[in-house]
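J.: Below you'll find input-v2.cif; it's mmCIF, C-alpha atoms.
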```
data_start
#
loop_
_atom_site.label_atom_id
_atom_site.label_comp_id
_atom_site.auth_asym_id
_atom_site.auth_seq_id
_atom_site.Cartn_x
_atom_site.Cartn_y
_atom_site.Cartn_z
CA MET G 4 0.00 0.00 0.00
CA SER G 5 1.61 3.15 -1.13
CA PHE G 6 0.62 6.72 -0.43
CA GLU G 7 0.08 8.62 -3.64
CA PRO G 8 -0.08 12.41 -3.10
CA THR G 9 -1.80 12.75 -6.45
CA ASN G 10 -4.75 10.84 -5.01
CA THR G 11 -5.01 13.41 -2.26
CA ILE G 12 -5.03 16.29 -4.69
CA ILE G 13 -7.46 14.56 -7.01
CA THR G 14 -9.71 13.78 -4.06
CA ILE G 15 -9.70 17.40 -2.93
CA VAL G 16 -10.43 18.70 -6.41
CA ALA G 17 -13.06 16.04 -7.06
CA PHE G 18 -14.72 16.66 -3.70
CA LEU G 19 -14.81 20.42 -4.18
CA ILE G 20 -16.28 20.02 -7.67
CA LEU G 21 -18.81 17.50 -6.32
CA TYR G 22 -19.76 19.87 -3.51
CA TRP G 23 -20.15 22.74 -5.92
CA ALA G 24 -22.16 20.66 -8.41
CA LEU G 25 -24.41 19.14 -5.76
CA ASN G 26 -24.98 22.53 -4.21
CA LYS G 27 -25.89 24.01 -7.56
CA TRP G 28 -27.96 21.24 -9.11
CA ALA G 29 -29.18 19.05 -6.30
CA PHE G 30 -29.21 20.47 -2.79
CA GLY G 31 -29.84 24.06 -3.74
CA PRO G 32 -33.16 23.24 -5.46
CA LEU G 33 -34.01 20.66 -2.78
CA PHE G 34 -33.45 23.10 0.08
CA GLY G 35 -35.40 25.68 -1.87
CA ILE G 36 -38.32 23.28 -2.18
CA MET G 37 -38.13 22.36 1.48
CA GLU G 38 -38.07 26.02 2.44
CA LYS G 39 -40.99 26.65 0.13
CA ARG G 40 -42.92 23.82 1.74
CA ARG G 41 -42.11 25.23 5.18
CA GLN G 42 -43.49 28.57 4.01
CA LEU G 43 -46.53 26.86 2.54
CA ILE G 44 -47.26 25.02 5.76
CA LEU G 45 -46.75 28.20 7.74
CA GLU G 46 -49.10 29.99 5.39
CA GLN G 47 -51.68 27.24 5.62
CA MET G 48 -51.45 27.25 9.38
CA ASN G 49 -51.89 30.99 9.40
CA SER G 50 -54.84 30.79 7.04
CA ALA G 51 -56.34 28.00 9.15
CA GLU G 52 -55.90 30.19 12.19
CA SER G 53 -57.48 33.17 10.45
CA SER G 54 -60.38 31.08 9.13
CA ARG G 55 -60.88 29.67 12.61
CA LYS G 56 -60.98 33.22 13.94
CA GLN G 57 -63.37 34.16 11.17
CA ALA G 58 -65.61 31.23 12.01
CA GLU G 59 -65.53 32.21 15.66
CA ALA G 60 -66.36 35.80 14.78
CA SER G 61 -69.26 34.78 12.55
CA MET G 62 -70.47 32.40 15.25
CA ALA G 63 -70.37 35.21 17.79
CA GLU G 64 -72.14 37.41 15.30
CA GLN G 65 -74.85 34.83 14.79
CA LYS G 66 -75.17 34.35 18.48
CA ALA G 67 -75.50 38.08 18.93
CA ALA G 68 -78.10 38.17 16.15
CA LEU G 69 -79.97 35.32 17.81
CA ASP G 70 -79.84 37.06 21.15
CA GLN G 71 -81.09 40.22 19.55
CA ALA G 72 -83.92 38.38 17.84
CA ARG G 73 -84.83 36.74 21.10
CA GLN G 74 -84.77 40.11 22.83
CA GLU G 75 -86.88 41.59 20.12
CA ALA G 76 -89.36 38.76 20.38
CA TYR G 77 -89.49 39.26 24.11
CA ALA G 78 -89.94 42.98 23.63
CA ILE G 79 -92.74 42.39 21.13
CA LEU G 80 -94.39 39.95 23.50
CA GLU G 81 -94.01 42.38 26.35
CA GLN G 82 -95.37 45.18 24.24
CA ALA G 83 -98.32 43.05 23.18
CA ARG G 84 -98.97 42.23 26.78
CA THR G 85 -98.81 45.85 27.88
CA THR G 86 -100.92 46.87 24.89
CA SER G 87 -103.52 44.29 25.70
CA THR G 88 -103.50 45.27 29.36
CA LYS G 89 -103.78 48.89 28.39
CA GLN G 90 -106.54 48.12 25.95
CA ALA G 91 -108.40 46.18 28.61
CA ASP G 92 -107.90 49.06 30.99
CA ASP G 93 -109.08 51.45 28.32
CA ILE G 94 -112.16 49.36 27.68
CA VAL G 95 -112.91 49.14 31.35
CA GLN G 96 -112.24 52.85 31.71
CA SER G 97 -114.44 53.76 28.79
CA ALA G 98 -117.14 51.44 30.08
CA LYS G 99 -116.87 53.08 33.44
CA THR G 100 -117.03 56.55 31.96
CA GLU G 101 -119.93 55.49 29.83
CA ALA G 102 -121.66 54.07 32.87
CA ASP G 103 -120.89 57.25 34.78
CA ARG G 104 -122.17 59.28 31.95
CA LEU G 105 -125.32 57.22 31.77
CA LYS G 106 -125.71 57.47 35.52
CA ASP G 107 -125.23 61.23 35.39
CA ASN G 108 -127.72 61.48 32.58
CA ALA G 109 -130.14 59.39 34.54
CA LEU G 110 -129.57 61.53 37.62
CA LYS G 111 -130.06 64.65 35.54
CA ASP G 112 -133.21 63.17 34.03
CA ILE G 113 -134.43 62.22 37.45
CA GLU G 114 -133.62 65.70 38.71
CA SER G 115 -135.39 67.36 35.84
CA GLU G 116 -138.32 64.98 36.14
CA LYS G 117 -138.36 65.69 39.85
CA ASN G 118 -138.29 69.43 39.19
CA LYS G 119 -141.00 68.99 36.62
CA ALA G 120 -143.03 66.94 39.07
CA ILE G 121 -142.42 69.50 41.76
CA ALA G 122 -143.50 72.23 39.36
CA ALA G 123 -146.51 70.21 38.32
CA LEU G 124 -147.27 69.45 41.89
CA ARG G 125 -146.80 73.09 42.77
CA SER G 126 -149.25 74.17 40.10
CA GLU G 127 -151.57 71.36 41.09
CA VAL G 128 -151.29 72.39 44.70
CA GLY G 129 -151.79 75.96 43.57
CA GLY G 130 -154.89 74.93 41.66
CA ILE G 131 -156.20 72.80 44.47
CA SER G 132 -155.50 75.46 47.03
CA VAL G 133 -157.18 77.95 44.75
CA GLN G 134 -160.12 75.63 44.44
CA ILE G 135 -160.18 75.16 48.17
CA ALA G 136 -159.81 78.86 48.64
CA SER G 137 -162.48 79.51 46.08
CA LYS G 138 -164.72 77.03 47.79
CA ILE G 139 -164.15 78.90 50.98
CA ILE G 140 -164.42 82.27 49.31
CA GLU G 141 -167.46 81.13 47.25
CA LYS G 142 -169.62 81.61 50.19
CA GLN G 143 -168.47 85.15 50.71
CA VAL G 144 -168.01 86.46 47.17
CA ASP G 145 -170.71 86.93 44.67
CA GLU G 146 -170.98 85.32 41.39
CA LYS G 147 -169.80 88.31 39.47
CA SER G 148 -166.69 89.11 41.44
CA GLN G 149 -166.04 85.42 41.69
CA GLU G 150 -166.11 85.10 37.97
CA GLN G 151 -163.81 88.07 37.78
CA ILE G 152 -161.37 86.46 40.18
CA VAL G 153 -161.66 83.15 38.40
CA ASN G 154 -160.99 84.79 35.10
CA GLN G 155 -158.10 86.61 36.58
CA TYR G 156 -156.73 83.36 37.90
CA LEU G 157 -157.43 81.65 34.68
CA LYS G 158 -155.58 84.39 32.90
CA GLU G 159 -152.78 83.98 35.30
CA VAL G 160 -152.82 80.25 34.82
CA GLY G 161 -153.15 80.64 31.08
CA SER G 162 -150.20 82.93 30.92
CA LYS G 163 -148.11 80.49 32.86
CA MET F 3 -1.62 -9.33 -2.81
CA HIS F 4 -3.06 -7.23 -5.58
CA LEU F 5 -1.12 -4.59 -7.32
CA PHE F 6 -2.70 -1.24 -8.02
CA PRO F 7 -2.14 0.21 -11.47
CA ILE F 8 0.10 3.17 -10.99
CA VAL F 9 1.01 5.26 -13.99
CA ASN F 10 3.93 7.59 -14.02
CA VAL F 11 3.29 10.68 -16.11
CA PHE F 12 5.92 13.44 -16.23
CA GLY F 13 7.50 11.98 -13.13
CA ILE F 14 4.23 12.06 -11.18
CA ASP F 15 2.57 8.84 -10.07
CA PHE F 16 -1.13 8.44 -10.69
CA ASP F 17 -3.03 5.60 -9.06
CA LEU F 18 -5.51 4.66 -11.76
CA ALA F 19 -7.63 2.48 -9.47
CA ALA F 20 -8.08 5.30 -6.97
CA ILE F 21 -8.79 7.83 -9.68
CA ILE F 22 -11.39 5.57 -11.25
CA ALA F 23 -12.91 4.95 -7.84
CA ILE F 24 -13.06 8.65 -6.97
CA LEU F 25 -14.62 9.54 -10.29
CA VAL F 26 -17.14 6.69 -10.09
CA SER F 27 -18.06 7.68 -6.53
CA CYS F 28 -18.51 11.29 -7.56
CA VAL F 29 -20.62 10.33 -10.55
CA ILE F 30 -22.81 7.94 -8.55
CA THR F 31 -23.25 10.51 -5.78
CA PHE F 32 -24.18 13.16 -8.28
CA VAL F 33 -26.54 10.90 -10.22
CA VAL F 34 -28.29 9.75 -7.03
CA ALA F 35 -28.68 13.32 -5.87
CA ARG F 36 -29.90 14.42 -9.28
CA LEU F 37 -32.40 11.55 -9.45
CA ALA F 38 -33.68 12.50 -6.02
CA VAL F 39 -34.32 16.09 -7.03
CA ARG F 40 -35.86 15.28 -10.38
CA ASN F 41 -39.43 16.61 -10.60
CA LEU F 42 -39.17 18.50 -7.36
CA SER F 43 -42.56 19.21 -5.90
CA VAL F 44 -43.70 21.17 -2.89
CA ASP F 45 -46.90 19.28 -2.20
CA LYS F 46 -46.44 15.94 -3.99
CA PRO F 47 -42.85 14.77 -3.43
CA SER F 48 -41.75 11.60 -5.19
CA LYS F 49 -40.41 8.68 -3.17
CA MET F 50 -36.83 9.62 -3.95
CA GLN F 51 -37.46 13.22 -3.01
CA ASN F 52 -39.06 12.06 0.22
CA PHE F 53 -36.06 9.94 1.00
CA MET F 54 -33.67 12.76 0.23
CA GLU F 55 -35.67 15.16 2.37
CA TRP F 56 -35.59 12.64 5.19
CA ALA F 57 -31.81 12.46 4.76
CA VAL F 58 -31.56 16.25 4.79
CA ASP F 59 -33.70 16.45 7.93
CA PHE F 60 -31.60 13.76 9.54
CA MET F 61 -28.44 15.64 8.63
CA HIS F 62 -29.97 18.85 9.92
CA GLY F 63 -30.71 17.20 13.25
CA THR F 64 -27.25 15.71 13.40
CA ILE F 65 -25.52 19.01 12.74
CA ALA F 66 -27.88 20.75 15.16
CA SER F 67 -26.70 18.40 17.88
CA SER F 68 -23.21 19.89 17.63
CA MET F 69 -24.00 23.57 17.14
CA PRO F 70 -26.84 26.05 17.72
CA VAL F 71 -29.68 25.29 15.38
CA HIS F 72 -29.72 28.67 13.63
CA LYS F 73 -26.11 28.18 12.46
CA VAL F 74 -26.77 24.83 10.80
CA ARG F 75 -28.02 26.02 7.42
CA PRO F 76 -24.66 26.92 5.74
CA TYR F 77 -23.15 23.51 6.59
CA LEU F 78 -26.12 21.40 5.53
CA ALA F 79 -25.01 20.94 1.93
CA LEU F 80 -21.45 20.20 3.07
CA GLY F 81 -22.69 17.57 5.50
CA MET F 82 -24.92 15.99 2.86
CA THR F 83 -22.11 15.94 0.30
CA LEU F 84 -19.69 14.42 2.81
CA ILE F 85 -21.99 11.71 4.07
CA MET F 86 -23.25 10.74 0.61
CA PHE F 87 -19.84 10.74 -1.01
CA ILE F 88 -18.19 8.79 1.80
CA PHE F 89 -21.02 6.31 2.17
CA ILE F 90 -21.10 5.59 -1.55
CA SER F 91 -17.31 5.40 -1.60
CA ASN F 92 -17.35 2.94 1.29
CA LEU F 93 -19.81 0.69 -0.49
CA LEU F 94 -18.03 0.91 -3.82
CA GLY F 95 -15.42 -1.75 -2.99
CA LEU F 96 -17.93 -4.23 -1.61
CA PRO F 97 -19.87 -5.81 -4.48
CA PHE F 98 -17.16 -6.88 -6.88
CA MET F 99 -13.58 -6.64 -7.87
CA VAL F 100 -12.00 -6.04 -11.23
CA VAL F 101 -8.70 -7.82 -11.49
CA THR F 102 -6.59 -8.32 -14.57
CA ASP F 103 -3.64 -10.62 -14.70
CA ALA F 104 -0.56 -9.42 -16.44
CA HIS F 105 1.93 -12.03 -17.51
CA GLU F 106 4.12 -9.70 -19.48
CA PRO F 107 5.94 -6.72 -18.14
CA ILE F 108 3.81 -3.57 -18.61
CA LYS F 109 6.04 -0.57 -18.70
CA TRP F 110 3.41 2.15 -18.25
CA LEU F 111 2.02 0.46 -15.16
CA GLY F 112 5.46 0.05 -13.69
CA ILE F 113 5.40 -3.72 -13.82
CA ASP F 114 8.81 -5.06 -14.72
CA GLN F 115 10.27 -8.51 -15.12
CA ALA F 116 11.65 -8.50 -11.60
CA TYR F 117 8.18 -8.03 -10.11
CA LEU F 118 6.73 -10.77 -12.29
CA ASP F 119 9.47 -13.15 -11.31
CA SER F 120 8.93 -12.49 -7.64
CA HIS F 121 5.15 -13.06 -7.94
CA GLY F 122 5.10 -16.36 -9.81
CA GLY F 123 5.11 -14.91 -13.30
CA ALA F 124 1.81 -12.96 -13.00
CA ALA F 125 0.79 -9.60 -11.59
CA HIS F 126 -2.79 -9.25 -10.31
CA ILE F 127 -3.83 -5.74 -11.03
CA ALA F 128 -6.84 -4.53 -9.07
CA TRP F 129 -8.75 -1.86 -10.97
CA TRP F 130 -11.57 -1.50 -8.54
CA LYS F 131 -11.66 -0.53 -4.88
CA SER F 132 -13.28 1.81 -2.43
CA PRO F 133 -11.65 5.19 -2.79
CA THR F 134 -11.87 5.49 0.99
CA ALA F 135 -9.74 2.35 1.35
CA ASP F 136 -6.86 4.53 0.24
CA LEU F 137 -5.18 6.67 2.88
CA ALA F 138 -4.30 9.31 0.30
CA VAL F 139 -7.98 9.79 -0.50
CA THR F 140 -9.17 9.99 3.09
CA ALA F 141 -6.28 12.35 3.75
CA GLY F 142 -7.62 14.55 0.98
CA LEU F 143 -11.04 14.63 2.61
CA ALA F 144 -9.54 15.29 6.01
CA LEU F 145 -7.45 18.07 4.53
CA VAL F 146 -10.54 19.73 3.09
CA VAL F 147 -12.13 19.56 6.54
CA PHE F 148 -8.94 20.80 8.21
CA VAL F 149 -8.62 23.83 5.96
CA LEU F 150 -12.32 24.57 6.22
CA VAL F 151 -12.37 24.34 10.02
CA HIS F 152 -9.46 26.69 10.48
CA PHE F 153 -10.60 29.07 7.77
CA LEU F 154 -14.04 29.30 9.36
CA GLY F 155 -12.48 29.64 12.81
CA LEU F 156 -10.37 32.57 11.65
CA LYS F 157 -13.17 34.17 9.71
CA LEU F 158 -16.09 33.85 12.12
CA ASN F 159 -14.55 33.57 15.55
CA ARG F 160 -11.02 34.94 15.27
CA LYS F 161 -10.45 36.07 18.86
CA HIS F 162 -11.67 32.95 20.59
CA TYR F 163 -10.31 30.69 17.90
CA LEU F 164 -6.79 32.04 18.39
CA HIS F 165 -7.24 32.19 22.12
CA HIS F 166 -8.16 28.53 22.20
CA TYR F 167 -4.56 27.58 21.33
CA PHE F 168 -3.43 29.02 24.66
CA HIS F 169 -6.24 27.58 26.68
CA PRO F 170 -6.34 27.16 29.60
CA TYR F 171 -2.72 28.41 30.01
CA PRO F 172 -0.11 29.42 27.40
CA VAL F 173 1.95 26.45 28.53
CA PHE F 174 -0.61 24.17 26.90
CA PHE F 175 0.20 25.56 23.44
CA PRO F 176 2.11 22.43 22.29
CA VAL F 177 -0.72 20.19 23.50
CA ASN F 178 -3.26 22.24 21.62
CA ILE F 179 -1.12 22.08 18.48
CA ILE F 180 -0.95 18.31 18.79
CA GLU F 181 -4.70 18.20 19.25
CA THR F 182 -5.18 20.37 16.17
CA ILE F 183 -3.01 18.09 14.07
CA ALA F 184 -4.44 14.92 15.57
CA LYS F 185 -7.96 15.82 14.58
CA PRO F 186 -7.58 15.56 10.77
CA LEU F 187 -5.08 12.75 11.16
CA THR F 188 -7.46 10.58 13.14
CA LEU F 189 -10.26 11.57 10.81
CA ALA F 190 -8.33 10.28 7.81
CA LEU F 191 -6.89 7.20 9.52
CA ARG F 192 -10.15 6.07 11.11
CA LEU F 193 -12.04 6.11 7.83
CA TYR F 194 -9.21 4.57 5.85
CA ALA F 195 -8.48 1.83 8.36
CA ASN F 196 -12.09 0.74 8.74
CA ILE F 197 -12.74 0.48 5.03
CA TYR F 198 -9.35 -0.95 4.14
CA ALA F 199 -9.65 -3.59 6.83
CA GLY F 200 -13.05 -4.50 5.45
CA GLU F 201 -11.66 -4.93 1.96
CA VAL F 202 -8.70 -6.93 3.20
CA LEU F 203 -11.04 -9.25 5.02
CA ILE F 204 -13.16 -9.59 1.88
CA SER F 205 -10.07 -10.59 -0.10
CA THR F 206 -9.18 -13.03 2.65
CA ILE F 207 -12.64 -14.57 2.66
CA LEU F 208 -12.45 -14.88 -1.12
CA MET F 209 -9.49 -17.18 -0.67
CA MET F 210 -11.76 -19.62 1.20
CA GLY F 211 -13.63 -20.32 -2.00
CA PHE F 212 -17.26 -21.52 -1.74
CA ALA F 213 -16.90 -22.29 1.96
CA GLY F 214 -16.55 -18.59 2.54
CA ILE F 215 -20.01 -17.65 1.21
CA PRO F 216 -21.72 -17.45 4.64
CA PHE F 217 -18.83 -15.42 6.01
CA MET F 218 -18.97 -13.28 2.93
CA ILE F 219 -22.68 -12.61 3.40
CA ALA F 220 -22.17 -11.69 7.05
CA TRP F 221 -19.14 -9.55 6.37
CA GLN F 222 -20.68 -7.75 3.40
CA GLY F 223 -23.66 -6.89 5.58
CA PHE F 224 -21.41 -5.73 8.34
CA SER F 225 -19.34 -3.72 5.89
CA ILE F 226 -22.42 -1.86 4.74
CA PHE F 227 -23.08 -1.07 8.39
CA VAL F 228 -19.50 0.00 8.95
CA GLY F 229 -19.58 2.09 5.78
CA ALA F 230 -22.67 3.91 7.02
CA ILE F 231 -21.26 4.38 10.50
CA GLN F 232 -17.95 5.69 9.22
CA ALA F 233 -19.59 8.08 6.79
CA PHE F 234 -21.82 9.33 9.61
CA LEU F 235 -18.89 9.60 12.00
CA PHE F 236 -16.75 11.54 9.55
CA THR F 237 -19.55 14.00 8.93
CA VAL F 238 -20.45 14.40 12.60
CA LEU F 239 -16.83 14.94 13.59
CA THR F 240 -16.44 17.50 10.81
CA MET F 241 -19.43 19.38 12.18
CA VAL F 242 -18.15 19.10 15.74
CA TYR F 243 -14.78 20.52 14.68
CA ILE F 244 -16.45 23.35 12.78
CA SER F 245 -18.63 24.02 15.80
CA GLN F 246 -15.63 24.02 18.14
CA ALA F 247 -13.78 26.46 15.93
CA THR F 248 -16.63 28.84 15.12
CA VAL F 249 -19.04 28.80 18.04
CA HIS F 250 -18.06 30.40 21.29
CA ASP F 251 -20.03 29.42 24.34
CA ASP F 252 -20.22 32.87 25.87
CA ASP F 253 -21.66 34.27 22.67
CA GLU F 254 -24.27 31.58 22.82
CA HIS F 255 -25.23 32.37 26.37
CA VAL F 256 -25.58 36.03 25.48
CA GLU F 257 -27.56 35.18 22.37
CA ALA F 258 -29.77 32.73 24.23
CA ALA F 259 -30.40 35.33 26.90
CA ALA F 260 -31.17 37.90 24.23
CA ALA F 261 -33.50 35.48 22.50
CA LYS F 262 -35.37 34.83 25.72
CA HIS F 263 -36.13 38.49 26.35
#
```
Take the structure in the file and write it out as structure tokens.
T.:
Amino acid sequence: MSFEPTNTIITIVAFLILYWALNKWAFGPLFGIMEKRRQLILEQMNSAESSRKQAEASMAEQKAALDQARQEAYAILEQARTTSTKQADDIVQSAKTEADRLKDNALKDIESEKNKAIAALRSEVGGISVQIASKIIEKQVDEKSQEQIVNQYLKEVGSK
Amino acid sequence: MHLFPIVNVFGIDFDLAAIIAILVSCVITFVVARLAVRNLSVDKPSKMQNFMEWAVDFMHGTIASSMPVHKVRPYLALGMTLIMFIFISNLLGLPFMVVTDAHEPIKWLGIDQAYLDSHGGAAHIAWWKSPTADLAVTAGLALVVFVLVHFLGLKLNRKHYLHHYFHPYPVFFPVNIIETIAKPLTLALRLYANIYAGEVLISTILMMGFAGIPFMIAWQGFSIFVGAIQAFLFTVLTMVYISQATVHDDDEHVEAAAAKH
């Protein structure tokens, strides 16, 4: 076994050329592809993250919308309830006022009827008292003056 | 023993077997790598691409075990080239042998009558071997690593790199020099010795004839294992040496502290 220095030199040259060639035509492109894939995966992870966030946001949005709809429904229900209560109150109120009005009218009617009756009664009593008075007076007053008085009364009555 | 074809051109010896082996290793390495990166795809990698990416990830993890992970990237291609080239080189000598017998003196291979006479009238010329079974080749690889380590040490970490020679006390300078020289030396010798021993044993088993087949199967399998281990070891040690020369611990602590805040 001999040591040939030429082998050493040839090895060095060959190895350097091999390194250069591999770097240029094999490992360079391969590392590039691997780096590209790393980037791609990073990108995909980022996009997955962002789409997850998006999904979460839209979910929250939908939940908010649902909550709002529920609130609105509740509000509508509440409003309907208050409206109906108010309406019932109104109806009762109006019925009450109507009843009051009717009662007042009736009272007024009664009052006026009472006044009328009183007036009628008064005139009747007047008439009767006149008759009684005339009956009493009849005996003291003559026919002629009686007639005069009667006429006068009649006139009075007639003018009333 | 086999004779390697050595050609003397302009007074310089060229070992044809080693040159062939180096070139074949380089070509196979390059072709494998090229096949792996054919039709590169980001989302639908082919099987070869998958395998190569696994190898790159493995290498990345291996280098990251010797230096901070953000410094790995520039050495990844070097590590891949080293491990692929050495592994393929280690396996190259395993499957077959190309031997020619020369019965006449061949001047340009340096075979003369005296050699023929001393070897029973025939010279067995081995044209095929693992390039890494040659100390001159592994020395070349170790030299590349040696130069690279010290160049990177001077370029990236000059103060601490130079200071390390006088660590912990200036009196240790000779020891540190020995250590510096021992590193590439052991790197070259370890790889060479493992692969050469494997090939020697293969030649020995071949002498057993058919009886040696079970041994051959076992040893070939083990040699593949050894080839992988040695390629891995060479690469890891290279990275460790680079890390030792270029990465200073204090810097790392500061950087780690800065990264935390």
J.: Give me the result of the PyMOL selection byres ((chain G) within 6 of (chain F)) on this file, residue by residue, as a list of chain:residue names.
T.: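 Output from the PyMOL selection byres ((chain G) within 6 of (chain F)), applied to this file: G:Phe6, G:Glu7, G:Asn10, G:Thr11, G:Thr14, G:Ile15, G:Tyr22, G:Ala29, G:Ile36, G:Arg40.
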J.: Could you tell me which residues the PyMOL selection byres ((chain F and resi 74) around 10) returns for this structure, as an MDAnalysis selection string?
T.: chainID F and resid 61:73 75:79 81 241 245
J.: May I have the protein, DNA and RNA residues with any atom at most 6 Å from the point (-15.1, 9.2, 4.9), counting all atoms listed in the file, written as a list in words?
T.: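 The requested residues, written out, are Ile88, Leu193, Ala233 and Phe236 of chain F.
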J.: What gap, in Å, lies between CA of Gln246 (chain F) and CA of Leu158 (chain F)?
T.: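 Value for the CA of Gln246 (chain F)-CA of Leu158 (chain F) distance: 11.5 Å.
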J.: Mind pulling up the distance from CA of Ala195 (chain F) to CA of Leu208 (chain F)?
T.: 19.6 Å
J.: Quote the spacing between CA of Asn92 (chain F) and CA of Gln232 (chain F) in Å to one decimal place.
T.: 8.4 Å
